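Read through the structure below, which is laid out as structure tokens, and then see the notes.
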Amino acid sequence: MEKMIEIKDLEKSFAGKENTVEALKGINLTIMKGDIFGIIGMSGAGKSTLVRCLNFLERPTKGTVVIEGRDLSTLNDAELRGLRQEVAMIFQHFNLLMQRNVIDNICFPLEIAGMKKKDAREKAKQLLQTVGLEEKAKAYPTQLSGGQKQRVAIARALATQPKILLCDEATSALDPQTTKSILKLLQEINREYGITIVIITHEMKVVEEICSHVAIIDDGNLAEAGTVEDVFTRPQSQAAKKLFYQSEHKFSIMEGKRCIRIVFQENSSFEPVIANMVLECKAPVNILLADTSDIGGIAHGQMILQLPEDELIANRMIAFLQGRKLIVEELKDYVG
């Protein structure tokens with residue numbers, strides 16, 4: 001695969017009256033052509049600053065971004081404006097022009113690019129078909145639902161035939177069902193047009209739903225990056241573990257403080273492995289967390305178990321699970 005975006009030693013600081021805030025600290029990341037790449041982090045982690053640096057709407061303090069071999073730090077203002085036609089953005093709050101109807105909103109970037117009005121409207125009609133809103137061409141933004149507004153925003157972003165689509169918390173203002181429909185639309189656009197999509201989000205379910213790769217930003221640092229499956233299965237950083245399974249709560253249901261996380265993949269969930277383990281070891285466990293995720297069309301499950309205080313029994317349980325080819329990870333300080 002070809003490299004589409006290379007982020008090199010990227011730093012961004014904001015100078016305040018009393019102190020300087022380091023929003024990004026030496027980020028290095030590569031995003032491949034045609035990928036759907038998730039960038040996730042908690043509020044204030046720096047992910048929205050990072051996405052604005054990807055097209056130099058925010059100029060980095062240090063480092064640079066390279067898109068298809070072009071170093072953005074070497075481009076002048078006119079060249080950057082031209083590049084931004086290839087790097088479209090959609091936002092949490094849609095940013096539609098309220099005084100324009102749907103088709104005129106989509107025509108707007110085409111008018112700026114100098115396209116004839118007739119050609120722009122024809123192009124806009126095609127894009128409305130792509131996002132499934134042909135019947136809303138003459139409606140105004142105030143007459144649309146949140147999901148419909150975001151579909152218009154996506155159509156407008158596609159108007160200039162971009163190579164990259166940046167989505168900054170694009171589903172955060174939507175309900176779960178609408179979020180699913182927007183994510184499905186983005187997948188279809190990725191497949192049909194080959195557009196590289198970068199999704200900025202704080203919601204792990206969004207990443208699990210459609211992303212192939214993920215980067216986790218924590219306090220301005222790149223905490224971890226890899227395929228979604230690898231990071232879900234074997235998270236290495238505390239930031240990744242917190243996003244995937246750690247709770248703010250401290251449990252103290254049983255006396256035992258030893259906890260493990262087990263991961264089920266594909267066919268490993270057919271055996272009632274927990275029930276069989278309890279029968280085999282003749283001791284109970286507490287299930288502190290259990291959920292499933294659809295990653296790349298494959299079901300993955302995880303459980304966090306609180307094991308008995310007796311160390312021999314706990315070790316037997318771990319050995320039993322490992323013998324069933326499950327991924328087993330011991331957790332530190334999960335209960336207290």
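Please note that chains go A, B, ... in the order of the structure tokens, that every chain numbers its residues from 1, and that ligands are numbered from 1 in the order shown.
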- [ ] Quick one: everything within 8 Å of region 74-85 of chain A, counting only C-alpha atoms, minus sequence neighbours fewer than 2 positions away in the same chain. Send it as a ChimeraX atom specification.
- [x] /A:55-56,71-72,87-88,160-162
How would the residues just picked look written out with N, CA and C atoms as a short mmCIF file (atom, residue, chain, number, x, y, z; two decimals), in the first residue's frame?
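As a result, part_30.cif now contains:
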```
data_model
loop_
_atom_site.label_atom_id
_atom_site.label_comp_id
_atom_site.auth_asym_id
_atom_site.auth_seq_id
_atom_site.Cartn_x
_atom_site.Cartn_y
_atom_site.Cartn_z
N ASN A 55 -4.10 19.37 7.64
CA ASN A 55 -4.16 20.19 6.42
C ASN A 55 -3.63 21.60 6.67
N PHE A 56 -2.91 21.75 7.77
CA PHE A 56 -2.26 23.02 8.14
C PHE A 56 -3.25 24.16 8.36
N ASP A 71 5.48 17.99 1.29
CA ASP A 71 5.70 18.51 2.64
C ASP A 71 4.92 19.81 2.78
N LEU A 72 3.91 19.79 3.65
CA LEU A 72 3.03 20.95 3.77
C LEU A 72 3.74 22.19 4.28
N VAL A 87 -8.25 17.68 0.61
CA VAL A 87 -8.35 17.22 2.00
C VAL A 87 -9.59 17.87 2.61
N ALA A 88 -10.73 17.21 2.46
CA ALA A 88 -12.00 17.77 2.93
C ALA A 88 -12.22 17.45 4.40
N THR A 160 -15.55 18.45 -4.14
CA THR A 160 -14.28 18.77 -4.79
C THR A 160 -13.45 17.53 -5.09
N GLN A 161 -14.07 16.34 -4.98
CA GLN A 161 -13.41 15.06 -5.25
C GLN A 161 -12.11 14.91 -4.44
N PRO A 162 -12.22 14.99 -3.12
CA PRO A 162 -11.02 14.92 -2.29
C PRO A 162 -10.40 13.53 -2.28
#
```
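By only C-alpha atoms, and with residues fewer than 2 positions from region 193-207 of chain A along its chain excluded, the set lying at most 7 Å from it is Lys33, Gly34, Asp35, Ile36, Phe37, Gly38, Ile39, Ile40, Gly41, Met42, Lys47, Ser48, Lys163, Ile164, Leu165, Leu166, Cys167, Asp168, Glu169, Ile189, Asn190, Arg191, Glu209, Ile210, Cys211 and Leu243 of chain A.
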Would you mind exporting N, CA, C and O atoms of the selected residues as a CSV table (one decimal), in the first residue's frame?
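Once everything was written out, this is out-v2.csv:
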```
chain,number,residue,atom,x,y,z
A,33,LYS,N,-2.8,4.9,2.0
A,33,LYS,CA,-3.8,5.2,1.0
A,33,LYS,C,-5.0,4.3,1.1
A,33,LYS,O,-4.8,3.0,1.2
A,34,GLY,N,-6.2,4.8,1.1
A,34,GLY,CA,-7.4,4.0,1.1
A,34,GLY,C,-7.8,3.5,2.5
A,34,GLY,O,-8.8,2.7,2.6
A,35,ASP,N,-7.1,3.8,3.5
A,35,ASP,CA,-7.4,3.3,4.9
A,35,ASP,C,-8.6,4.1,5.5
A,35,ASP,O,-8.9,5.2,5.1
A,36,ILE,N,-9.2,3.5,6.5
A,36,ILE,CA,-10.1,4.2,7.4
A,36,ILE,C,-9.4,4.2,8.7
A,36,ILE,O,-9.3,3.1,9.4
A,37,PHE,N,-8.8,5.3,9.1
A,37,PHE,CA,-7.9,5.4,10.3
A,37,PHE,C,-8.6,6.2,11.4
A,37,PHE,O,-9.1,7.3,11.2
A,38,GLY,N,-8.6,5.6,12.6
A,38,GLY,CA,-9.2,6.2,13.7
A,38,GLY,C,-8.2,6.9,14.6
A,38,GLY,O,-7.1,6.3,14.9
A,39,ILE,N,-8.4,8.1,15.1
A,39,ILE,CA,-7.6,8.7,16.1
A,39,ILE,C,-8.5,9.0,17.3
A,39,ILE,O,-9.5,9.8,17.2
A,40,ILE,N,-8.1,8.4,18.4
A,40,ILE,CA,-9.0,8.4,19.5
A,40,ILE,C,-8.3,8.9,20.8
A,40,ILE,O,-7.1,8.7,20.9
A,41,GLY,N,-9.0,9.6,21.6
A,41,GLY,CA,-8.5,10.0,22.9
A,41,GLY,C,-9.6,10.7,23.7
A,41,GLY,O,-10.7,11.0,23.2
A,42,MET,N,-9.3,10.9,25.0
A,42,MET,CA,-10.3,11.6,25.9
A,42,MET,C,-10.3,13.1,25.5
A,42,MET,O,-9.5,13.6,24.8
A,47,LYS,N,-6.4,15.4,20.1
A,47,LYS,CA,-6.8,14.8,18.8
A,47,LYS,C,-7.4,15.8,17.8
A,47,LYS,O,-7.1,15.7,16.6
A,48,SER,N,-8.2,16.8,18.3
A,48,SER,CA,-8.7,17.8,17.4
A,48,SER,C,-7.7,18.7,16.9
A,48,SER,O,-7.7,19.2,15.7
A,163,LYS,N,-9.1,13.5,-1.9
A,163,LYS,CA,-8.4,12.2,-1.8
A,163,LYS,C,-8.5,11.8,-0.3
A,163,LYS,O,-8.3,10.6,0.0
A,164,ILE,N,-8.7,12.8,0.6
A,164,ILE,CA,-8.7,12.5,2.0
A,164,ILE,C,-10.0,13.2,2.6
A,164,ILE,O,-10.3,14.3,2.3
A,165,LEU,N,-10.6,12.5,3.5
A,165,LEU,CA,-11.8,13.0,4.2
A,165,LEU,C,-11.5,13.0,5.7
A,165,LEU,O,-11.3,11.9,6.3
A,166,LEU,N,-11.4,14.1,6.4
A,166,LEU,CA,-11.1,14.3,7.8
A,166,LEU,C,-12.5,14.4,8.5
A,166,LEU,O,-13.2,15.3,8.2
A,167,CYS,N,-12.8,13.6,9.5
A,167,CYS,CA,-14.0,13.6,10.2
A,167,CYS,C,-13.7,13.9,11.7
A,167,CYS,O,-13.2,13.1,12.4
A,168,ASP,N,-14.0,15.2,12.1
A,168,ASP,CA,-13.7,15.6,13.4
A,168,ASP,C,-15.0,15.5,14.3
A,168,ASP,O,-15.8,16.3,14.3
A,169,GLU,N,-15.0,14.4,15.1
A,169,GLU,CA,-16.2,14.1,16.0
A,169,GLU,C,-17.5,14.1,15.2
A,169,GLU,O,-18.5,14.7,15.7
A,189,ILE,N,-18.5,5.1,0.9
A,189,ILE,CA,-17.7,6.1,0.2
A,189,ILE,C,-16.3,5.7,0.1
A,189,ILE,O,-15.6,5.8,-0.9
A,190,ASN,N,-15.7,5.1,1.2
A,190,ASN,CA,-14.3,4.6,1.2
A,190,ASN,C,-14.2,3.5,0.1
A,190,ASN,O,-13.2,3.5,-0.7
A,191,ARG,N,-15.1,2.6,0.1
A,191,ARG,CA,-15.0,1.5,-0.9
A,191,ARG,C,-15.2,2.0,-2.4
A,191,ARG,O,-14.5,1.6,-3.3
A,209,GLU,N,-16.3,-0.1,14.9
A,209,GLU,CA,-17.3,-0.3,13.8
A,209,GLU,C,-16.7,-0.3,12.4
A,209,GLU,O,-17.0,-1.1,11.6
A,210,ILE,N,-15.8,0.7,12.1
A,210,ILE,CA,-15.4,0.8,10.7
A,210,ILE,C,-13.9,1.0,10.5
A,210,ILE,O,-13.4,0.9,9.3
A,211,CYS,N,-13.1,1.3,11.5
A,211,CYS,CA,-11.7,1.6,11.3
A,211,CYS,C,-10.8,0.3,11.2
A,211,CYS,O,-11.1,-0.7,11.9
A,243,LEU,N,-9.4,3.1,27.6
A,243,LEU,CA,-10.5,3.2,26.6
A,243,LEU,C,-11.2,1.9,26.3
A,243,LEU,O,-12.4,1.9,26.1
```
| said: I'd like the contact shell of region 291-294 of chain A - 12 Å cut-off, only C-alpha atoms, skipping same-chain residues fewer than 2 positions apart - returned as JSON, numbers by chain. | reply: {"A": [204, 205, 206, 207, 208, 209, 210, 211, 212, 228, 229, 232, 233, 244, 245, 261, 262, 263, 264, 265, 266, 269, 287, 288, 289, 296, 297, 298, 299, 300, 301, 302, 303, 304]}
Write to file, as an mmCIF file, in the first residue's frame, the residues of the selection just made, with N, CA and C atoms.
```
data_model
loop_
_atom_site.group_PDB
_atom_site.id
_atom_site.type_symbol
_atom_site.label_atom_id
_atom_site.label_comp_id
_atom_site.auth_asym_id
_atom_site.auth_seq_id
_atom_site.Cartn_x
_atom_site.Cartn_y
_atom_site.Cartn_z
ATOM 1 N N MET A 204 -14.913 4.624 21.414
ATOM 2 C CA MET A 204 -14.257 3.417 20.938
ATOM 3 C C MET A 204 -15.148 2.616 20.000
ATOM 4 N N LYS A 205 -16.469 2.650 20.212
ATOM 5 C CA LYS A 205 -17.386 1.894 19.352
ATOM 6 C C LYS A 205 -17.323 2.377 17.905
ATOM 7 N N VAL A 206 -17.071 3.660 17.700
ATOM 8 C CA VAL A 206 -16.931 4.192 16.344
ATOM 9 C C VAL A 206 -15.717 3.575 15.667
ATOM 10 N N VAL A 207 -14.606 3.525 16.391
ATOM 11 C CA VAL A 207 -13.372 2.930 15.859
ATOM 12 C C VAL A 207 -13.584 1.460 15.546
ATOM 13 N N GLU A 208 -14.195 0.736 16.482
ATOM 14 C CA GLU A 208 -14.425 -0.698 16.290
ATOM 15 C C GLU A 208 -15.339 -0.965 15.099
ATOM 16 N N GLU A 209 -16.268 -0.059 14.854
ATOM 17 C CA GLU A 209 -17.276 -0.259 13.810
ATOM 18 C C GLU A 209 -16.666 -0.252 12.409
ATOM 19 N N ILE A 210 -15.795 0.729 12.104
ATOM 20 C CA ILE A 210 -15.359 0.842 10.701
ATOM 21 C C ILE A 210 -13.854 1.012 10.480
ATOM 22 N N CYS A 211 -13.070 1.275 11.512
ATOM 23 C CA CYS A 211 -11.656 1.576 11.284
ATOM 24 C C CYS A 211 -10.821 0.296 11.174
ATOM 25 N N SER A 212 -9.816 0.348 10.318
ATOM 26 C CA SER A 212 -8.877 -0.764 10.219
ATOM 27 C C SER A 212 -7.679 -0.544 11.133
ATOM 28 N N VAL A 228 -6.797 -2.147 14.627
ATOM 29 C CA VAL A 228 -7.805 -2.115 15.693
ATOM 30 C C VAL A 228 -7.842 -3.463 16.412
ATOM 31 N N GLU A 229 -7.739 -4.541 15.663
ATOM 32 C CA GLU A 229 -7.782 -5.870 16.268
ATOM 33 C C GLU A 229 -6.616 -6.086 17.232
ATOM 34 N N PHE A 232 -7.063 -3.845 20.367
ATOM 35 C CA PHE A 232 -8.142 -4.376 21.203
ATOM 36 C C PHE A 232 -7.687 -5.648 21.930
ATOM 37 N N THR A 233 -7.028 -6.526 21.193
ATOM 38 C CA THR A 233 -6.660 -7.833 21.749
ATOM 39 C C THR A 233 -5.566 -7.721 22.794
ATOM 40 N N PHE A 244 -10.498 0.798 26.341
ATOM 41 C CA PHE A 244 -11.124 -0.467 25.985
ATOM 42 C C PHE A 244 -11.871 -1.127 27.136
ATOM 43 N N TYR A 245 -11.323 -1.017 28.364
ATOM 44 C CA TYR A 245 -12.014 -1.783 29.399
ATOM 45 C C TYR A 245 -11.905 -1.256 30.812
ATOM 46 N N ARG A 261 -8.158 -10.298 32.364
ATOM 47 C CA ARG A 261 -8.977 -9.984 31.183
ATOM 48 C C ARG A 261 -8.779 -11.114 30.185
ATOM 49 N N ILE A 262 -9.872 -11.659 29.672
ATOM 50 C CA ILE A 262 -9.772 -12.683 28.644
ATOM 51 C C ILE A 262 -10.463 -12.171 27.380
ATOM 52 N N VAL A 263 -9.900 -12.547 26.235
ATOM 53 C CA VAL A 263 -10.416 -12.099 24.949
ATOM 54 C C VAL A 263 -10.836 -13.311 24.134
ATOM 55 N N PHE A 264 -12.076 -13.267 23.640
ATOM 56 C CA PHE A 264 -12.616 -14.311 22.776
ATOM 57 C C PHE A 264 -12.530 -13.836 21.335
ATOM 58 N N GLN A 265 -12.057 -14.690 20.452
ATOM 59 C CA GLN A 265 -11.982 -14.353 19.040
ATOM 60 C C GLN A 265 -12.651 -15.431 18.205
ATOM 61 N N GLU A 266 -13.384 -14.985 17.193
ATOM 62 C CA GLU A 266 -14.025 -15.871 16.221
ATOM 63 C C GLU A 266 -14.721 -17.049 16.905
ATOM 64 N N SER A 269 -15.749 -18.566 21.249
ATOM 65 C CA SER A 269 -16.866 -18.320 22.161
ATOM 66 C C SER A 269 -17.905 -19.444 22.162
ATOM 67 N N ILE A 287 -17.761 -11.850 37.436
ATOM 68 C CA ILE A 287 -17.601 -11.212 36.133
ATOM 69 C C ILE A 287 -17.814 -9.707 36.327
ATOM 70 N N LEU A 288 -16.733 -8.946 36.219
ATOM 71 C CA LEU A 288 -16.799 -7.502 36.457
ATOM 72 C C LEU A 288 -17.136 -6.727 35.193
ATOM 73 N N LEU A 289 -16.830 -7.314 34.036
ATOM 74 C CA LEU A 289 -17.125 -6.657 32.766
ATOM 75 C C LEU A 289 -17.264 -7.737 31.705
ATOM 76 N N GLY A 296 -13.851 -5.354 12.129
ATOM 77 C CA GLY A 296 -13.604 -5.872 10.791
ATOM 78 C C GLY A 296 -14.551 -6.978 10.392
ATOM 79 N N GLY A 297 -15.780 -6.935 10.898
ATOM 80 C CA GLY A 297 -16.769 -7.946 10.557
ATOM 81 C C GLY A 297 -16.652 -9.229 11.344
ATOM 82 N N ILE A 298 -15.727 -9.280 12.306
ATOM 83 C CA ILE A 298 -15.530 -10.478 13.136
ATOM 84 C C ILE A 298 -15.881 -10.139 14.572
ATOM 85 N N ALA A 299 -16.663 -10.991 15.209
ATOM 86 C CA ALA A 299 -17.069 -10.752 16.600
ATOM 87 C C ALA A 299 -15.902 -11.035 17.539
ATOM 88 N N HIS A 300 -15.632 -10.090 18.422
ATOM 89 C CA HIS A 300 -14.629 -10.248 19.483
ATOM 90 C C HIS A 300 -15.325 -9.981 20.814
ATOM 91 N N GLY A 301 -15.010 -10.765 21.795
ATOM 92 C CA GLY A 301 -15.583 -10.560 23.116
ATOM 93 C C GLY A 301 -14.485 -10.397 24.156
ATOM 94 N N GLN A 302 -14.835 -9.753 25.254
ATOM 95 C CA GLN A 302 -13.889 -9.651 26.360
ATOM 96 C C GLN A 302 -14.641 -9.779 27.675
ATOM 97 N N MET A 303 -13.944 -10.323 28.669
ATOM 98 C CA MET A 303 -14.468 -10.402 30.039
ATOM 99 C C MET A 303 -13.348 -10.039 30.998
ATOM 100 N N ILE A 304 -13.748 -9.413 32.087
ATOM 101 C CA ILE A 304 -12.814 -9.221 33.202
ATOM 102 C C ILE A 304 -13.352 -10.010 34.380
#
```
Checklist entry - What lies within 7 Å of Ile7 (chain A) using only C-alpha atoms, ignoring chain neighbours under 2 positions off, as a ChimeraX atom specification? => result /A:5,9-10,27-30,64-66
Expected file contents, prior selection, N, CA and C atoms, as a PDB file, in the first residue's frame:
```
ATOM      1  N   ILE A   5      -0.554   9.811   4.202  1.00  0.00           N
ATOM      2  CA  ILE A   5      -0.224  10.873   5.159  1.00  0.00           C
ATOM      3  C   ILE A   5       0.922  10.407   6.050  1.00  0.00           C
ATOM      4  N   ASP A   9       7.354  14.014  13.642  1.00  0.00           N
ATOM      5  CA  ASP A   9       7.836  14.785  14.805  1.00  0.00           C
ATOM      6  C   ASP A   9       6.963  16.013  15.076  1.00  0.00           C
ATOM      7  N   LEU A  10       5.669  15.824  15.006  1.00  0.00           N
ATOM      8  CA  LEU A  10       4.733  16.955  15.071  1.00  0.00           C
ATOM      9  C   LEU A  10       4.553  17.453  16.495  1.00  0.00           C
ATOM     10  N   ILE A  27       4.552  13.813  17.651  1.00  0.00           N
ATOM     11  CA  ILE A  27       3.725  12.743  17.067  1.00  0.00           C
ATOM     12  C   ILE A  27       4.351  12.252  15.767  1.00  0.00           C
ATOM     13  N   ASN A  28       4.515  10.929  15.649  1.00  0.00           N
ATOM     14  CA  ASN A  28       4.953  10.290  14.408  1.00  0.00           C
ATOM     15  C   ASN A  28       3.932   9.223  14.045  1.00  0.00           C
ATOM     16  N   LEU A  29       3.404   9.316  12.819  1.00  0.00           N
ATOM     17  CA  LEU A  29       2.319   8.417  12.432  1.00  0.00           C
ATOM     18  C   LEU A  29       2.246   8.353  10.909  1.00  0.00           C
ATOM     19  N   THR A  30       1.926   7.166  10.395  1.00  0.00           N
ATOM     20  CA  THR A  30       1.747   6.995   8.950  1.00  0.00           C
ATOM     21  C   THR A  30       0.360   6.432   8.681  1.00  0.00           C
ATOM     22  N   THR A  64       6.293  18.331  10.774  1.00  0.00           N
ATOM     23  CA  THR A  64       5.529  18.607   9.565  1.00  0.00           C
ATOM     24  C   THR A  64       4.580  17.462   9.242  1.00  0.00           C
ATOM     25  N   VAL A  65       3.778  17.681   8.204  1.00  0.00           N
ATOM     26  CA  VAL A  65       2.881  16.669   7.648  1.00  0.00           C
ATOM     27  C   VAL A  65       3.206  16.541   6.164  1.00  0.00           C
ATOM     28  N   VAL A  66       3.327  15.320   5.688  1.00  0.00           N
ATOM     29  CA  VAL A  66       3.606  15.045   4.277  1.00  0.00           C
ATOM     30  C   VAL A  66       2.408  14.300   3.699  1.00  0.00           C
TER      31      VAL A  66
END
```
Quick check for you: according to DSSP on this backbone, which residues of region 86-312 of chain A are classed as strand (DSSP E)? Reply as an NGL selection string.
:A and (87-91 or 164-168 or 196-201 or 213-218 or 221-227 or 259-265 or 286-295 or 298-306)
Worksheet entry | Those in region 110-177 of chain A with alpha helix (DSSP H) from DSSP, as number ranges by chain | A: 110-112, 117-130, 146-158, 176-177
In terms of only C-alpha atoms, the residue from A:Ala157, A:Leu97, A:Lys138, A:Cys53 at minimal distance from Lys8 (chain A) is A:Cys53
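CA of Lys282 (chain A) is positioned 14.9 Å from CA of Gln306 (chain A).
Relative to CA of Lys25 (chain A), CA of Asn221 (chain A) is found at 5.4 Å.
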* Asked: If we count only C-alpha atoms, what is near Met32 (chain A) at a cut-off of 10 Å, once residues fewer than 6 positions away on the same chain are taken out, given as a PyMOL selection string?
  -> chain A and resi 1-6+68+196-197+213
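Every protein or nucleic acid residue with an atom no more than 12 Å from Asn315 (chain A), counting only C-alpha atoms and leaving out same-chain residues fewer than 3 positions away, appears here: A:Arg258, A:Cys259, A:Ile260, A:Met277, A:Cys281, A:Leu307, A:Pro308, A:Glu309, A:Asp310, A:Glu311, A:Leu312, A:Ile318, A:Ala319, A:Phe320, A:Leu321, A:Gln322, A:Val328, A:Glu330.
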Store the residues picked out above in a file with N, CA and C atoms, as an mmCIF file, in the first residue's frame.
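part.cif was written with the following content:
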```cif
data_model
loop_
_atom_site.group_PDB
_atom_site.id
_atom_site.type_symbol
_atom_site.label_atom_id
_atom_site.label_comp_id
_atom_site.auth_asym_id
_atom_site.auth_seq_id
_atom_site.Cartn_x
_atom_site.Cartn_y
_atom_site.Cartn_z
ATOM 1 N N ARG A 258 -7.044 -10.346 42.664
ATOM 2 C CA ARG A 258 -6.437 -10.756 41.405
ATOM 3 C C ARG A 258 -7.501 -10.777 40.301
ATOM 4 N N CYS A 259 -7.247 -10.019 39.242
ATOM 5 C CA CYS A 259 -8.193 -9.932 38.136
ATOM 6 C C CYS A 259 -7.486 -10.239 36.828
ATOM 7 N N ILE A 260 -8.246 -10.802 35.909
ATOM 8 C CA ILE A 260 -7.717 -11.090 34.583
ATOM 9 C C ILE A 260 -8.698 -10.599 33.531
ATOM 10 N N MET A 277 -14.768 -23.824 33.491
ATOM 11 C CA MET A 277 -13.645 -23.511 34.386
ATOM 12 C C MET A 277 -14.097 -23.562 35.846
ATOM 13 N N CYS A 281 -12.521 -26.171 38.491
ATOM 14 C CA CYS A 281 -11.715 -25.676 39.618
ATOM 15 C C CYS A 281 -12.506 -25.606 40.926
ATOM 16 N N LEU A 307 -10.799 -13.226 40.381
ATOM 17 C CA LEU A 307 -10.491 -14.608 40.739
ATOM 18 C C LEU A 307 -10.516 -14.798 42.254
ATOM 19 N N PRO A 308 -10.627 -16.043 42.702
ATOM 20 C CA PRO A 308 -10.599 -16.313 44.148
ATOM 21 C C PRO A 308 -9.269 -15.885 44.776
ATOM 22 N N GLU A 309 -9.332 -15.670 46.081
ATOM 23 C CA GLU A 309 -8.126 -15.240 46.805
ATOM 24 C C GLU A 309 -7.070 -16.337 46.836
ATOM 25 N N ASP A 310 -7.494 -17.594 46.852
ATOM 26 C CA ASP A 310 -6.563 -18.720 46.904
ATOM 27 C C ASP A 310 -5.695 -18.722 45.633
ATOM 28 N N GLU A 311 -4.383 -18.540 45.817
ATOM 29 C CA GLU A 311 -3.478 -18.369 44.682
ATOM 30 C C GLU A 311 -3.402 -19.625 43.809
ATOM 31 N N LEU A 312 -3.432 -20.811 44.430
ATOM 32 C CA LEU A 312 -3.362 -22.054 43.659
ATOM 33 C C LEU A 312 -4.575 -22.202 42.742
ATOM 34 N N ILE A 318 -6.294 -19.689 35.453
ATOM 35 C CA ILE A 318 -5.556 -19.046 34.355
ATOM 36 C C ILE A 318 -5.025 -20.101 33.390
ATOM 37 N N ALA A 319 -4.462 -21.191 33.945
ATOM 38 C CA ALA A 319 -3.939 -22.271 33.111
ATOM 39 C C ALA A 319 -5.060 -22.915 32.290
ATOM 40 N N PHE A 320 -6.228 -23.090 32.887
ATOM 41 C CA PHE A 320 -7.380 -23.667 32.187
ATOM 42 C C PHE A 320 -7.761 -22.805 30.974
ATOM 43 N N LEU A 321 -7.837 -21.499 31.181
ATOM 44 C CA LEU A 321 -8.217 -20.589 30.100
ATOM 45 C C LEU A 321 -7.162 -20.544 28.999
ATOM 46 N N GLN A 322 -5.894 -20.515 29.406
ATOM 47 C CA GLN A 322 -4.824 -20.509 28.406
ATOM 48 C C GLN A 322 -4.819 -21.808 27.606
ATOM 49 N N VAL A 328 -5.144 -14.265 27.723
ATOM 50 C CA VAL A 328 -5.355 -13.970 29.145
ATOM 51 C C VAL A 328 -4.341 -12.916 29.572
ATOM 52 N N GLU A 330 -3.259 -10.465 32.913
ATOM 53 C CA GLU A 330 -3.462 -10.116 34.327
ATOM 54 C C GLU A 330 -3.498 -8.602 34.478
#
```
Nearest to Leu96 (chain A), restricted to only C-alpha atoms and choosing among A:Leu54, A:Ala15, A:Leu110, A:Leu144, comes out as A:Leu144
